[in-house]
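Here is the structure we will look at, set down as structure tokens.
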Amino acid sequence: MNISVIGTGYVELITAAGLSEKGHNVTCVDIQKQRVELINSGKTPLFEEGLEEILKKNIGRNLKATTDLENSIFATDVTFICVQTPADFDGTMDLSHIKNAAIDIGKILRKKGSYHVVVVKSTVPPSTTEEILAPLLEKNSGKISGS
């Protein structure tokens, strides 16, 4: 399967590495060019036991990193949104990154003719996917979730 993972933080990179280790073709997408270059060199910007070995084994084979969200969406069938959702001092989650990702993905999906699955793998409050993210994807893609 061809999979894109949005973000290259702890959850994102481990998810991408694990999926590539299982034989999937995975593209990590990040806005930070230095992180992308580091990952493409087989190095990890964070520590997780065994992660660097998996990166070195799979980079260039079935795992890569890029800053190009549009081409990544066009080249994949599934996109994992794994961006950060930091909590404010009062515990309220900042959903701006995940909302922006949904908007950007939706705009790209508007141009894509084939079916595409979007998976939310970020920490979000209950009903965020149904009440906020799905409507943003639908509005910006012109498509209906689940169809």
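Chains: A, B, ... in order of the structure tokens. Residues: from 1 per chain. Ligands: from 1, in order shown.
Those residues that approach A:Glu37 to within 10 Å, counting only C-alpha atoms, are Gln32, Lys33, Ser41, Gly42, Lys43, Lys64, Ala65, Thr66 and Thr67 of chain A; same-chain residues fewer than 4 positions away are not listed.
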Just C-alpha atoms for this one: save the residues we selected as a PDB file, in the first residue's frame.
```
ATOM      1  CA  GLN A  32      10.932  21.452   8.079  1.00  0.00           C
ATOM      2  CA  LYS A  33      13.457  20.854   5.308  1.00  0.00           C
ATOM      3  CA  SER A  41      20.059  10.379   5.194  1.00  0.00           C
ATOM      4  CA  GLY A  42      18.897   7.523   7.437  1.00  0.00           C
ATOM      5  CA  LYS A  43      19.197   9.461  10.666  1.00  0.00           C
ATOM      6  CA  LYS A  64      11.250   8.602   2.079  1.00  0.00           C
ATOM      7  CA  ALA A  65      10.654  12.081   3.441  1.00  0.00           C
ATOM      8  CA  THR A  66       9.644  15.216   1.562  1.00  0.00           C
ATOM      9  CA  THR A  67       8.260  18.708   1.969  1.00  0.00           C
TER      10      THR A  67
END
```
query = So which residues touch A:Glu53 within 12 Å, counting only C-alpha atoms, skipping near sequence neighbours fewer than 5 positions away, as a PyMOL selection string?
reply = chain A and resi 14+17-18+21+39+41-44+47-48+58-59
Take the residues that were just selected and, keeping N, CA and C atoms, output them as an mmCIF file, in the first residue's frame.
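Saved the output as again.cif:
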```
data_model
loop_
_atom_site.group_PDB
_atom_site.id
_atom_site.type_symbol
_atom_site.label_atom_id
_atom_site.label_comp_id
_atom_site.auth_asym_id
_atom_site.auth_seq_id
_atom_site.Cartn_x
_atom_site.Cartn_y
_atom_site.Cartn_z
ATOM 1 N N ILE A 14 7.692 7.147 13.966
ATOM 2 C CA ILE A 14 7.612 5.744 14.384
ATOM 3 C C ILE A 14 6.514 5.027 13.602
ATOM 4 N N ALA A 17 7.936 4.510 10.053
ATOM 5 C CA ALA A 17 8.978 3.479 10.047
ATOM 6 C C ALA A 17 8.356 2.086 10.214
ATOM 7 N N GLY A 18 7.399 1.975 11.112
ATOM 8 C CA GLY A 18 6.740 0.686 11.320
ATOM 9 C C GLY A 18 5.995 0.210 10.092
ATOM 10 N N GLU A 21 8.494 -0.901 7.539
ATOM 11 C CA GLU A 21 9.079 -2.182 7.955
ATOM 12 C C GLU A 21 8.144 -3.339 7.601
ATOM 13 N N ILE A 39 16.165 12.685 7.849
ATOM 14 C CA ILE A 39 15.494 11.391 7.697
ATOM 15 C C ILE A 39 15.947 10.704 6.418
ATOM 16 N N SER A 41 18.681 10.861 5.040
ATOM 17 C CA SER A 41 20.059 10.379 5.194
ATOM 18 C C SER A 41 20.117 9.152 6.110
ATOM 19 N N GLY A 42 18.949 8.713 6.586
ATOM 20 C CA GLY A 42 18.897 7.523 7.437
ATOM 21 C C GLY A 42 19.102 7.810 8.903
ATOM 22 N N LYS A 43 19.023 9.081 9.264
ATOM 23 C CA LYS A 43 19.197 9.461 10.666
ATOM 24 C C LYS A 43 17.860 9.934 11.230
ATOM 25 N N THR A 44 17.723 9.835 12.518
ATOM 26 C CA THR A 44 16.481 10.225 13.158
ATOM 27 C C THR A 44 16.661 11.481 13.991
ATOM 28 N N PHE A 47 14.945 10.076 19.573
ATOM 29 C CA PHE A 47 15.436 8.768 19.988
ATOM 30 C C PHE A 47 14.291 7.807 20.251
ATOM 31 N N GLU A 48 14.384 6.668 19.622
ATOM 32 C CA GLU A 48 13.536 5.519 19.912
ATOM 33 C C GLU A 48 14.384 4.309 19.558
ATOM 34 N N ASN A 58 15.227 1.055 5.378
ATOM 35 C CA ASN A 58 14.099 1.302 4.474
ATOM 36 C C ASN A 58 14.187 2.587 3.652
ATOM 37 N N ILE A 59 14.998 3.558 4.074
ATOM 38 C CA ILE A 59 15.127 4.802 3.293
ATOM 39 C C ILE A 59 15.661 4.465 1.905
#
```
key: Those of chain A in DSSP strand (DSSP E), formatted as a VMD selection string   = chain A and resid 2 to 6 25 to 29 63 to 66 78 to 81 117 to 120
Could I get the residues of stretch 6-36 of chain A with an atom no further than 12 Å from an atom of stretch 109-126 of chain A, each paired with its nearest atom pair and that distance in Å to one decimal, using only C-alpha atoms, sorted by chain and residue number, as a tab-separated table?
```
residue	atom	partner	partner_atom	distance
A:Ile6	CA	A:Lys121	CA	9.7
A:Gly7	CA	A:Ser122	CA	10.2
A:Gly9	CA	A:Ser122	CA	11.0
A:Tyr10	CA	A:Ser122	CA	11.2
A:Val11	CA	A:Ser122	CA	8.3
A:Glu12	CA	A:Lys121	CA	8.4
A:Leu13	CA	A:Lys121	CA	12.0
A:Ile14	CA	A:Lys121	CA	11.9
A:Thr15	CA	A:Lys121	CA	9.4
A:Ala16	CA	A:Lys121	CA	11.7
```
Selection export as an mmCIF file, in the first residue's frame, atoms kept: C-alpha atoms:
```cif
data_model
loop_
_atom_site.group_PDB
_atom_site.id
_atom_site.type_symbol
_atom_site.label_atom_id
_atom_site.label_comp_id
_atom_site.auth_asym_id
_atom_site.auth_seq_id
_atom_site.Cartn_x
_atom_site.Cartn_y
_atom_site.Cartn_z
ATOM 1 C CA ILE A 6 1.940 14.084 7.708
ATOM 2 C CA GLY A 7 4.547 15.137 10.254
ATOM 3 C CA GLY A 9 7.657 13.957 15.132
ATOM 4 C CA TYR A 10 7.745 11.038 17.541
ATOM 5 C CA VAL A 11 4.368 9.460 16.722
ATOM 6 C CA GLU A 12 4.619 10.228 13.024
ATOM 7 C CA LEU A 13 8.113 8.912 12.363
ATOM 8 C CA ILE A 14 7.612 5.744 14.384
ATOM 9 C CA THR A 15 4.315 5.106 12.571
ATOM 10 C CA ALA A 16 5.990 5.661 9.180
#
```
task = Could you please write out, as a PyMOL selection string, every residue of stretch 19-102 of chain A that DSSP assigns to helix (DSSP H, G or I)?
result = chain A and resi 19-21+33-40+51-58+69-74+96-102
inquiry  = Let me make sure I understand: among A:Asn140, A:Thr27, A:Thr129, A:Ser96, which one has the smallest atom-to-atom distance to A:Ser72 if we use only C-alpha atoms?
reply    = A:Thr27
ask   = Looking at only C-alpha atoms, which of A:Cys28, A:Gly106, A:Ser4, A:Ser127 is the one that sits closest to A:Asp77?
value = A:Ser4
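Atom CA of A:Ser20 is positioned 6.1 Å from atom CA of A:Asn62.
With distances restricted to only C-alpha atoms, A:Leu133 is the closest residue to A:His97 from A:Leu51, A:Leu133, A:Leu69, A:Val26.
Using only C-alpha atoms for every distance, the candidate list A:Glu70, A:Thr128, A:Lys107, A:Ala101 yields A:Lys107 as the residue closest to A:Ser141.
Note that atom CA of A:Ile103 and atom CA of A:Val5 are 15.5 Å apart.
In this structure, atom CA of A:Ile31 sits 27.5 Å away from atom CA of A:Ile144.
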